[in-house]
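See below for structure_6.txt, which holds compact mmCIF, C-alpha atoms.
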```txt
# COMPACT_ATOMS: atom_id res chain seq x y z
CA MET K 1 -39.36 -13.99 12.18
CA PRO K 2 -42.87 -13.08 10.92
CA ASP K 3 -44.79 -15.81 9.06
CA VAL K 4 -45.44 -13.55 6.09
CA LEU K 5 -43.42 -10.48 5.18
CA THR K 6 -45.43 -7.77 3.51
CA LEU K 7 -43.83 -6.77 0.22
CA PRO K 8 -42.75 -3.12 0.20
CA LEU K 9 -44.45 -0.83 -2.27
CA SER K 10 -41.12 -0.08 -3.94
CA LEU K 11 -39.02 -3.24 -4.17
CA LEU K 12 -35.61 -2.91 -5.79
CA THR K 13 -34.67 -5.48 -8.40
CA TYR K 14 -31.56 -7.48 -7.64
CA PRO K 15 -29.14 -7.06 -10.59
CA GLN K 16 -28.21 -10.44 -12.00
CA ILE K 17 -24.43 -10.11 -12.40
CA ASP K 18 -22.46 -13.27 -13.16
CA PRO K 19 -20.00 -13.87 -10.28
CA VAL K 20 -17.54 -15.15 -12.92
CA ILE K 21 -16.09 -12.34 -15.03
CA PHE K 22 -14.63 -14.72 -17.60
CA SER K 23 -13.22 -18.20 -17.76
CA ILE K 24 -10.52 -19.90 -19.78
CA GLY K 25 -10.91 -23.64 -19.60
CA PRO K 26 -10.97 -24.63 -15.92
CA LEU K 27 -9.66 -21.20 -14.84
CA ALA K 28 -12.39 -18.79 -13.77
CA VAL K 29 -11.77 -15.16 -12.82
CA ARG K 30 -14.35 -14.06 -10.26
CA TRP K 31 -15.38 -10.64 -8.96
CA TYR K 32 -14.64 -11.89 -5.44
CA GLY K 33 -11.01 -12.67 -6.20
CA LEU K 34 -10.62 -9.52 -8.28
CA GLY K 35 -11.80 -7.46 -5.30
CA TYR K 36 -8.93 -8.80 -3.21
CA VAL K 37 -6.35 -8.30 -5.97
CA VAL K 38 -7.41 -4.72 -6.79
CA GLY K 39 -7.69 -3.89 -3.10
CA ILE K 40 -4.17 -5.12 -2.36
CA LEU K 41 -2.75 -3.27 -5.38
CA PHE K 42 -4.49 -0.05 -4.36
CA GLY K 43 -3.17 -0.43 -0.80
CA TRP K 44 0.35 -0.90 -2.17
CA TRP K 45 0.10 2.19 -4.39
CA TYR K 46 -1.45 4.34 -1.66
CA SER K 47 1.08 3.25 0.97
CA ARG K 48 3.93 4.14 -1.37
CA ARG K 49 2.41 7.57 -1.93
CA LEU K 50 2.19 8.19 1.82
CA VAL K 51 5.78 7.12 2.37
CA MET K 52 6.95 9.37 -0.48
CA THR K 53 5.23 12.49 0.92
CA PRO K 54 7.63 14.06 3.47
CA ARG K 55 5.20 16.69 4.79
CA LEU K 56 3.01 13.97 6.31
CA TRP K 57 5.73 12.78 8.66
CA ALA K 58 7.43 14.09 11.76
CA HIS K 59 10.73 15.74 10.84
CA GLY K 60 9.82 15.37 7.15
CA LYS K 61 10.97 11.76 6.82
CA ALA K 62 9.00 8.51 6.75
CA PRO K 63 10.32 5.66 8.94
CA MET K 64 10.28 3.30 5.94
CA THR K 65 11.01 3.40 2.22
CA PRO K 66 8.97 2.63 -0.92
CA VAL K 67 11.09 -0.49 -1.36
CA ASP K 68 9.93 -1.68 2.07
CA ILE K 69 6.32 -1.25 0.94
CA ASP K 70 7.06 -3.19 -2.25
CA ASP K 71 8.46 -6.09 -0.27
CA LEU K 72 5.62 -6.00 2.26
CA VAL K 73 2.96 -6.73 -0.37
CA VAL K 74 3.64 -10.47 -0.49
CA TRP K 75 3.74 -10.74 3.29
CA ALA K 76 0.47 -8.84 3.64
CA ALA K 77 -1.27 -10.86 0.91
CA ILE K 78 -0.37 -14.12 2.64
CA GLY K 79 -1.56 -12.73 5.97
CA ILE K 80 -4.88 -11.58 4.49
CA VAL K 81 -5.72 -14.83 2.72
CA ALA K 82 -4.41 -17.26 5.34
CA GLY K 83 -5.76 -15.29 8.28
CA GLY K 84 -9.09 -14.62 6.61
CA ARG K 85 -9.65 -18.27 5.79
CA ILE K 86 -8.49 -19.63 9.13
CA GLY K 87 -10.53 -17.01 10.95
CA TYR K 88 -13.71 -17.94 9.06
CA ILE K 89 -13.17 -21.63 9.77
CA LEU K 90 -12.58 -21.08 13.49
CA PHE K 91 -15.09 -18.30 14.16
CA TYR K 92 -17.99 -19.21 11.91
CA ASP K 93 -18.15 -22.80 10.60
CA LEU K 94 -15.66 -25.10 12.35
CA ALA K 95 -17.94 -28.16 12.43
CA ARG K 96 -18.47 -28.12 8.66
CA TYR K 97 -14.76 -27.91 7.86
CA LEU K 98 -13.84 -30.62 10.36
CA ALA K 99 -16.33 -32.86 8.57
CA ASN K 100 -15.00 -31.83 5.13
CA PRO K 101 -11.32 -30.87 5.55
CA LEU K 102 -10.66 -30.43 1.82
CA ASP K 103 -13.23 -27.60 1.74
CA MET K 104 -10.78 -25.53 3.78
CA LEU K 105 -8.78 -24.99 0.58
CA ALA K 106 -11.76 -23.87 -1.54
CA VAL K 107 -11.17 -20.15 -1.00
CA TRP K 108 -12.75 -19.31 -4.38
CA GLU K 109 -16.12 -20.38 -2.97
CA GLY K 110 -16.03 -17.58 -0.39
CA GLY K 111 -15.80 -17.90 3.35
CA MET K 112 -13.34 -15.27 4.54
CA SER K 113 -13.38 -13.52 7.90
CA PHE K 114 -12.30 -9.89 8.07
CA HIS K 115 -11.31 -10.30 11.70
CA GLY K 116 -9.17 -13.32 10.85
CA GLY K 117 -7.63 -11.49 7.91
CA LEU K 118 -6.81 -8.56 10.19
CA ILE K 119 -5.06 -10.83 12.69
CA GLY K 120 -3.12 -12.55 9.92
CA THR K 121 -2.04 -9.24 8.39
CA VAL K 122 -1.02 -7.80 11.76
CA LEU K 123 1.16 -10.83 12.49
CA ALA K 124 2.75 -10.59 9.03
CA MET K 125 3.50 -6.88 9.51
CA ILE K 126 5.00 -7.42 12.96
CA LEU K 127 7.38 -10.04 11.59
CA PHE K 128 8.23 -7.86 8.59
CA ALA K 129 8.82 -4.74 10.71
CA ARG K 130 11.14 -6.59 13.07
CA ARG K 131 13.07 -8.07 10.19
CA ARG K 132 13.54 -4.66 8.54
CA GLY K 133 13.98 -2.60 11.70
CA ILE K 134 10.89 -0.49 10.94
CA ALA K 135 8.76 1.18 13.61
CA THR K 136 5.87 -1.27 13.87
CA TRP K 137 3.12 1.23 14.69
CA SER K 138 4.08 3.49 11.80
CA LEU K 139 3.88 0.50 9.46
CA PHE K 140 0.42 -0.27 10.86
CA ASP K 141 -0.61 3.35 10.22
CA VAL K 142 0.52 3.36 6.60
CA VAL K 143 -1.18 0.10 5.74
CA ALA K 144 -4.39 0.89 7.65
CA ALA K 145 -4.88 4.15 5.75
CA GLY K 146 -5.29 2.27 2.46
CA VAL K 147 -7.28 -0.76 3.59
CA PRO K 148 -10.91 0.52 3.43
CA PRO K 149 -11.21 0.51 -0.39
CA ALA K 150 -10.26 -3.18 -0.40
CA ILE K 151 -12.95 -3.91 2.16
CA GLY K 152 -15.48 -1.98 0.10
CA LEU K 153 -14.61 -3.88 -3.10
CA VAL K 154 -14.94 -7.26 -1.40
CA ARG K 155 -18.33 -6.25 0.04
CA VAL K 156 -19.50 -5.32 -3.45
CA ALA K 157 -18.28 -8.75 -4.59
CA ASN K 158 -20.35 -10.31 -1.77
CA PHE K 159 -23.35 -8.48 -3.22
CA ILE K 160 -22.62 -9.78 -6.72
CA ASN K 161 -22.32 -13.29 -5.28
CA ALA K 162 -25.73 -12.80 -3.58
CA GLU K 163 -24.21 -13.85 -0.25
CA LEU K 164 -24.16 -12.36 3.26
CA TRP K 165 -27.47 -10.62 2.61
CA GLY K 166 -29.41 -8.68 5.19
CA ARG K 167 -32.39 -9.34 7.42
CA PRO K 168 -35.97 -9.35 6.11
CA THR K 169 -37.41 -5.86 5.79
CA ASP K 170 -40.19 -3.84 4.19
CA ALA K 171 -37.90 -0.84 3.63
CA PRO K 172 -37.91 0.76 0.15
CA VAL K 173 -34.33 -0.44 -0.43
CA ALA K 174 -35.27 -4.10 0.02
CA MET K 175 -34.58 -6.67 -2.65
CA ILE K 176 -34.99 -10.41 -3.07
CA PHE K 177 -31.74 -12.34 -3.46
CA PRO K 178 -31.77 -15.40 -5.75
CA THR K 179 -29.83 -17.46 -3.19
CA ASP K 180 -32.32 -16.80 -0.40
CA PRO K 181 -34.36 -19.98 0.19
CA LEU K 182 -37.18 -17.94 1.74
CA GLN K 183 -37.33 -15.48 -1.19
CA VAL K 184 -38.32 -12.54 0.99
CA PRO K 185 -37.28 -8.88 0.67
CA ARG K 186 -34.05 -8.20 2.55
CA HIS K 187 -31.67 -5.36 3.32
CA PRO K 188 -28.77 -5.21 0.81
CA SER K 189 -26.47 -5.10 3.83
CA GLN K 190 -23.40 -5.87 1.71
CA LEU K 191 -23.79 -2.41 0.13
CA TYR K 192 -24.25 -0.81 3.56
CA GLU K 193 -20.93 -2.36 4.57
CA ALA K 194 -19.25 -1.30 1.34
CA ALA K 195 -20.34 2.29 2.00
CA LEU K 196 -19.47 2.49 5.71
CA GLU K 197 -16.43 0.20 5.96
CA GLY K 198 -15.10 1.19 2.54
CA LEU K 199 -15.96 4.68 1.32
CA VAL K 200 -16.83 6.53 4.54
CA LEU K 201 -13.97 5.06 6.56
CA PHE K 202 -11.47 5.79 3.78
CA ILE K 203 -12.59 9.44 3.60
CA LEU K 204 -12.32 9.86 7.37
CA LEU K 205 -8.83 8.36 7.44
CA ALA K 206 -7.78 10.51 4.47
CA ILE K 207 -8.85 13.63 6.38
CA LEU K 208 -6.79 12.51 9.37
CA VAL K 209 -3.77 11.68 7.18
CA TRP K 210 -3.73 14.60 4.73
CA GLY K 211 -5.55 17.27 6.73
CA ALA K 212 -4.65 16.64 10.37
CA ARG K 213 -1.27 15.03 9.50
CA MET K 214 -1.83 12.31 12.09
CA LEU K 215 0.83 10.02 10.62
CA ARG K 216 3.12 12.15 12.77
CA ARG K 217 1.58 10.46 15.82
CA PRO K 218 2.34 6.73 15.54
CA ARG K 219 -0.65 4.38 16.07
CA PHE K 220 -3.33 7.08 15.75
CA ILE K 221 -4.31 6.18 12.16
CA ALA K 222 -4.20 2.46 12.89
CA GLY K 223 -6.37 3.06 15.95
CA ALA K 224 -8.83 5.17 13.98
CA PHE K 225 -9.11 2.44 11.35
CA VAL K 226 -9.66 -0.35 13.86
CA ALA K 227 -12.20 1.61 15.91
CA GLY K 228 -13.93 2.94 12.79
CA TYR K 229 -14.27 -0.48 11.23
CA GLY K 230 -15.51 -1.98 14.50
CA LEU K 231 -18.21 0.68 14.89
CA ALA K 232 -19.30 0.41 11.24
CA ARG K 233 -19.50 -3.38 11.46
CA ILE K 234 -21.53 -3.30 14.67
CA VAL K 235 -24.01 -0.87 13.09
CA VAL K 236 -24.42 -2.99 9.95
CA GLU K 237 -24.84 -6.16 11.99
CA PHE K 238 -28.27 -4.85 13.01
CA PHE K 239 -29.26 -5.10 9.34
CA ARG K 240 -27.26 -8.18 8.30
CA GLU K 241 -28.64 -11.70 8.60
CA PRO K 242 -26.43 -13.70 11.00
CA ASP K 243 -24.70 -16.78 9.67
CA ALA K 244 -27.20 -19.63 9.52
CA GLN K 245 -24.98 -22.04 11.43
CA LEU K 246 -24.60 -19.55 14.30
CA GLY K 247 -27.75 -17.45 14.37
CA PHE K 248 -28.17 -14.92 17.15
CA LEU K 249 -25.97 -15.57 20.16
CA LEU K 250 -27.17 -16.30 23.70
CA GLY K 251 -30.79 -16.31 22.56
CA THR K 252 -30.84 -12.51 22.43
CA GLY K 253 -32.46 -12.10 19.05
CA TRP K 254 -29.94 -9.36 18.15
CA LEU K 255 -26.38 -10.25 19.27
CA THR K 256 -24.21 -11.67 16.47
CA MET K 257 -20.69 -13.05 16.17
CA GLY K 258 -19.76 -9.99 14.11
CA MET K 259 -20.68 -7.73 17.03
CA VAL K 260 -18.74 -9.87 19.50
CA LEU K 261 -15.60 -9.82 17.35
CA SER K 262 -15.88 -6.09 16.59
CA THR K 263 -16.36 -4.80 20.14
CA PRO K 264 -12.73 -5.45 21.20
CA MET K 265 -11.65 -3.69 17.99
CA VAL K 266 -13.47 -0.52 19.04
CA LEU K 267 -11.88 -0.60 22.49
CA ALA K 268 -8.39 -1.33 21.12
CA GLY K 269 -8.73 1.40 18.51
CA LEU K 270 -9.81 4.00 21.07
CA TRP K 271 -6.86 3.02 23.27
CA ALA K 272 -4.45 3.39 20.36
CA MET K 273 -5.75 6.85 19.50
CA ALA K 274 -5.75 8.01 23.12
CA THR K 275 -2.17 6.89 23.69
CA ALA K 276 -0.68 7.90 20.33
CA ARG K 277 2.51 9.77 21.10
CA LYS K 278 3.23 13.22 19.76
CA PRO K 279 6.19 13.90 17.42
CA GLY K 280 9.46 13.69 19.28
CA ALA K 281 7.96 11.98 22.33
CA PRO K 282 9.70 8.81 23.55
CA ALA K 283 8.22 5.52 22.34
```
Could you write out this file's structure as structure tokens?
Amino acid sequence: MPDVLTLPLSLLTYPQIDPVIFSIGPLAVRWYGLGYVVGILFGWWYSRRLVMTPRLWAHGKAPMTPVDIDDLVVWAAIGIVAGGRIGYILFYDLARYLANPLDMLAVWEGGMSFHGGLIGTVLAMILFARRRGIATWSLFDVVAAGVPPAIGLVRVANFINAELWGRPTDAPVAMIFPTDPLQVPRHPSQLYEAALEGLVLFILLAILVWGARMLRRPRFIAGAFVAGYGLARIVVEFFREPDAQLGFLLGTGWLTMGMVLSTPMVLAGLWAMATARKPGAPA
């Protein structure tokens, strides 16, 4: 890292937004938690809409009902929170949490891994699909189509929390985050992630769902989501500051844990899309 970073001519001002929306006694409602809640509710509503639209499905009938989606919400929420927290602990900061076990429960302080949340949600959906007799890949497709907005909202909450900021830069979009001990201009990489992983990915999946009608080919939408997220995350990792406790891996100066965890996602997603069966084909 350079000793002195030249301030860009046009430095954006970081907006000072209180991470706490409001509090009642000891109860505090935070933007971070609200992002998860609104994201889950949107995913529930959007999934129901997909299931209730016959023209999107092979033979005009979805392999699940709106009631199934209603009941899935609790399962998915548990998978997201438990998987996200456990994933962060294992992938990013295990030593700290082994030294302070009670901190594992402090979810409101942040510290959630998307990759862990994905694994937790996938396991929850597999169990739910088997219990209800639902085609597992079709369930993955429906849920995946509505996930990006939730990711985008949480990334915006990361920005409000002034956490997970980007690498030092002299780009015109740079800003100084109040939580940065170095107080140097950095990429607002949280907003890059919100745009790519949230808005752009959602639009691409919507085109595949509503335009190309790819829900008729089980696992294509899920594959597109997984590959799309993996690619977006790898791109943003070149602008995002790696976690302090990990830094760059293998002494490369560029390889991060986010890249390592996202690469298998790209490969798995491409496989899912390439092998997605056509309507009427045997499973």
Original post:
Looking at K:Ala106, K:Ala222, K:Leu118, K:Ala99, which one is nearest to Gly269 of chain K, with distances taken over all atoms listed in the file?
Top reply: K:Ala222
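Of the listed residues (K:Phe238, K:Phe22, K:Tyr32, K:Phe248), K:Tyr32 comes nearest to Ile160 of chain K; the distances count all atoms listed in the file.
Proximity to Met265 of chain K at 12 Å, evaluated using only C-alpha atoms and with sequence-adjacent residues fewer than 3 positions away removed, yields K:Phe114, K:His115, K:Leu118, K:Ile119, K:Ala222, K:Gly223, K:Ala224, K:Phe225, K:Val226, K:Ala227, K:Gly228, K:Tyr229, K:Gly230, K:Leu231, K:Ala232, K:Arg233, K:Ile234, K:Gly258, K:Met259, K:Val260, K:Leu261, K:Ser262, K:Ala268, K:Gly269, K:Leu270, K:Trp271, K:Ala272.
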Original post:
Any idea what's packed within 12 Å of segment 49-55 of chain K, counting only C-alpha atoms, ignoring anything in its chain fewer than 5 positions away? Could you give it as a ChimeraX atom specification?
Top reply: /K:42-44,60-70,138-139,141-146,206,209-216
**OP:** Tell me, as a ChimeraX atom specification, which residues lie within 6 Å of Pro185 of chain K, counting all atoms listed in the file; anything in the same chain fewer than 6 positions away does not count.
**Re:** /K:168-169,174-176
Would you write out those residues with C-alpha atoms, as a JSON list (two decimals), in the coordinates of the input?
```
[["chain", "number", "residue", "atom", "x", "y", "z"],
["K", 168, "PRO", "CA", -35.97, -9.35, 6.11],
["K", 169, "THR", "CA", -37.41, -5.86, 5.79],
["K", 174, "ALA", "CA", -35.27, -4.10, 0.02],
["K", 175, "MET", "CA", -34.58, -6.67, -2.65],
["K", 176, "ILE", "CA", -34.99, -10.41, -3.07]]
```
Skip Ile17 of chain K itself and residues of its chain fewer than 5 positions away, then list as a PDB file with C-alpha atoms, keeping the file's coordinate frame all residues within 10 Å of it, counting all atoms listed in the file.
```
ATOM      1  CA  TRP K  31     -15.380 -10.640  -8.960  1.00  0.00           C
ATOM      2  CA  PHE K 159     -23.350  -8.480  -3.220  1.00  0.00           C
ATOM      3  CA  ILE K 160     -22.620  -9.780  -6.720  1.00  0.00           C
ATOM      4  CA  ASN K 161     -22.320 -13.290  -5.280  1.00  0.00           C
ATOM      5  CA  ALA K 162     -25.730 -12.800  -3.580  1.00  0.00           C
TER       6      ALA K 162
END
```
Can you tell me, as a compact mmCIF listing (two decimals) with C-alpha atoms, keeping the file's coordinate frame, what residues are no more than 8 Å from Ser113 of chain K when counting all atoms listed in the file, ignoring any on the same chain fewer than 5 positions away?
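Okay, this is what ended up in out_36.txt:
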```
# COMPACT_ATOMS: atom_id res chain seq x y z
CA GLY K 83 -5.76 -15.29 8.28
CA GLY K 84 -9.09 -14.62 6.61
CA ARG K 85 -9.65 -18.27 5.79
CA ILE K 86 -8.49 -19.63 9.13
CA GLY K 87 -10.53 -17.01 10.95
CA TYR K 88 -13.71 -17.94 9.06
```
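Among the candidates K:Val37, K:Val29, K:Leu90, K:Met112, the one nearest to Ala77 of chain K when counting only C-alpha atoms is K:Val37.
Atom pair atom CA of Leu12 of chain K / atom CA of Tyr192 of chain K has a distance of 14.9 Å (rounded to one decimal).
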**OP:** Go through K:Leu127, K:Ala58, K:Ile134, K:Leu11 one by one, measure the shortest atom-to-atom distance of each to Pro172 of chain K using only C-alpha atoms, and give the residue with the smallest value.
**Re:** K:Leu11
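When all atoms listed in the file are used to compute distances to Val173 of chain K, the closest of the residues K:Gly111, K:Leu204, K:Gly247, K:Phe239 turns out to be K:Phe239.
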**OP:** Using all atoms listed in the file, find the one residue out of K:Thr136, K:Thr121, K:Gln245, K:Gln190 that sits nearest to Ile40 of chain K.
**Re:** K:Thr121
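Here atom CA of Leu196 of chain K is placed at a distance of 28.6 Å from atom CA of Leu94 of chain K.
When atom CA of Lys278 of chain K is paired with atom CA of Ile207 of chain K, their separation reads 18.0 Å.
Distance cut-off 6 Å, centre (-18.2, -15.4, 13.1), atoms counted only C-alpha atoms; the residues meeting this are K:Phe91, K:Tyr92, K:Met257, K:Gly258.
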Got a minute to add all heavy atoms to segment 259-270 of chain K and dump it as a CSV table (one decimal), in the frame of the given file?
```csv
chain,number,residue,atom,x,y,z
K,259,MET,N,-20.7,-8.7,16.0
K,259,MET,CA,-20.7,-7.7,17.0
K,259,MET,C,-19.7,-8.1,18.1
K,259,MET,O,-18.9,-7.3,18.6
K,259,MET,CB,-22.1,-7.6,17.7
K,259,MET,CG,-23.1,-7.0,16.8
K,259,MET,SD,-24.7,-7.0,17.6
K,259,MET,CE,-25.8,-6.4,16.3
K,260,VAL,N,-19.7,-9.4,18.5
K,260,VAL,CA,-18.7,-9.9,19.5
K,260,VAL,C,-17.3,-9.6,19.1
K,260,VAL,O,-16.5,-9.2,19.9
K,260,VAL,CB,-19.0,-11.4,19.8
K,260,VAL,CG1,-17.9,-11.9,20.7
K,260,VAL,CG2,-20.4,-11.5,20.4
K,261,LEU,N,-17.0,-10.0,17.8
K,261,LEU,CA,-15.6,-9.8,17.4
K,261,LEU,C,-15.2,-8.4,17.1
K,261,LEU,O,-14.0,-8.0,17.2
K,261,LEU,CB,-15.4,-10.6,16.0
K,261,LEU,CG,-15.6,-12.1,16.1
K,261,LEU,CD1,-15.5,-12.7,14.8
K,261,LEU,CD2,-14.5,-12.7,17.1
K,262,SER,N,-16.2,-7.5,16.9
K,262,SER,CA,-15.9,-6.1,16.6
K,262,SER,C,-15.8,-5.2,17.8
K,262,SER,O,-15.1,-4.2,17.8
K,262,SER,CB,-17.0,-5.5,15.7
K,262,SER,OG,-17.0,-6.2,14.4
K,263,THR,N,-16.4,-5.6,18.9
K,263,THR,CA,-16.4,-4.8,20.1
K,263,THR,C,-14.9,-4.6,20.7
K,263,THR,O,-14.5,-3.5,21.0
K,263,THR,CB,-17.3,-5.4,21.2
K,263,THR,OG1,-18.6,-5.4,20.7
K,263,THR,CG2,-17.2,-4.6,22.5
K,264,PRO,N,-14.1,-5.7,20.8
K,264,PRO,CA,-12.7,-5.4,21.2
K,264,PRO,C,-12.0,-4.5,20.2
K,264,PRO,O,-11.0,-3.8,20.7
K,264,PRO,CB,-12.1,-6.9,21.2
K,264,PRO,CG,-13.3,-7.8,21.3
K,264,PRO,CD,-14.4,-7.1,20.6
K,265,MET,N,-12.3,-4.6,19.0
K,265,MET,CA,-11.6,-3.7,18.0
K,265,MET,C,-11.9,-2.2,18.3
K,265,MET,O,-11.0,-1.4,18.3
K,265,MET,CB,-12.1,-4.0,16.6
K,265,MET,CG,-11.7,-5.3,16.0
K,265,MET,SD,-12.3,-5.6,14.3
K,265,MET,CE,-11.4,-4.3,13.5
K,266,VAL,N,-13.1,-1.9,18.7
K,266,VAL,CA,-13.5,-0.5,19.0
K,266,VAL,C,-12.7,-0.1,20.3
K,266,VAL,O,-12.1,1.0,20.3
K,266,VAL,CB,-15.0,-0.4,19.3
K,266,VAL,CG1,-15.3,1.0,19.8
K,266,VAL,CG2,-15.8,-0.7,18.1
K,267,LEU,N,-12.6,-0.9,21.3
K,267,LEU,CA,-11.9,-0.6,22.5
K,267,LEU,C,-10.4,-0.5,22.2
K,267,LEU,O,-9.7,0.5,22.7
K,267,LEU,CB,-12.1,-1.7,23.5
K,267,LEU,CG,-13.6,-1.9,24.0
K,267,LEU,CD1,-13.7,-3.0,25.0
K,267,LEU,CD2,-14.1,-0.6,24.6
K,268,ALA,N,-9.8,-1.4,21.4
K,268,ALA,CA,-8.4,-1.3,21.1
K,268,ALA,C,-8.1,-0.1,20.3
K,268,ALA,O,-7.1,0.6,20.5
K,268,ALA,CB,-8.0,-2.6,20.4
K,269,GLY,N,-9.0,0.2,19.3
K,269,GLY,CA,-8.7,1.4,18.5
K,269,GLY,C,-8.8,2.7,19.3
K,269,GLY,O,-7.9,3.6,19.1
K,270,LEU,N,-9.7,2.8,20.2
K,270,LEU,CA,-9.8,4.0,21.1
K,270,LEU,C,-8.6,4.1,22.0
K,270,LEU,O,-8.1,5.2,22.2
K,270,LEU,CB,-11.1,3.9,21.9
K,270,LEU,CG,-12.4,4.0,21.2
K,270,LEU,CD1,-13.6,3.8,22.1
K,270,LEU,CD2,-12.5,5.4,20.4
```
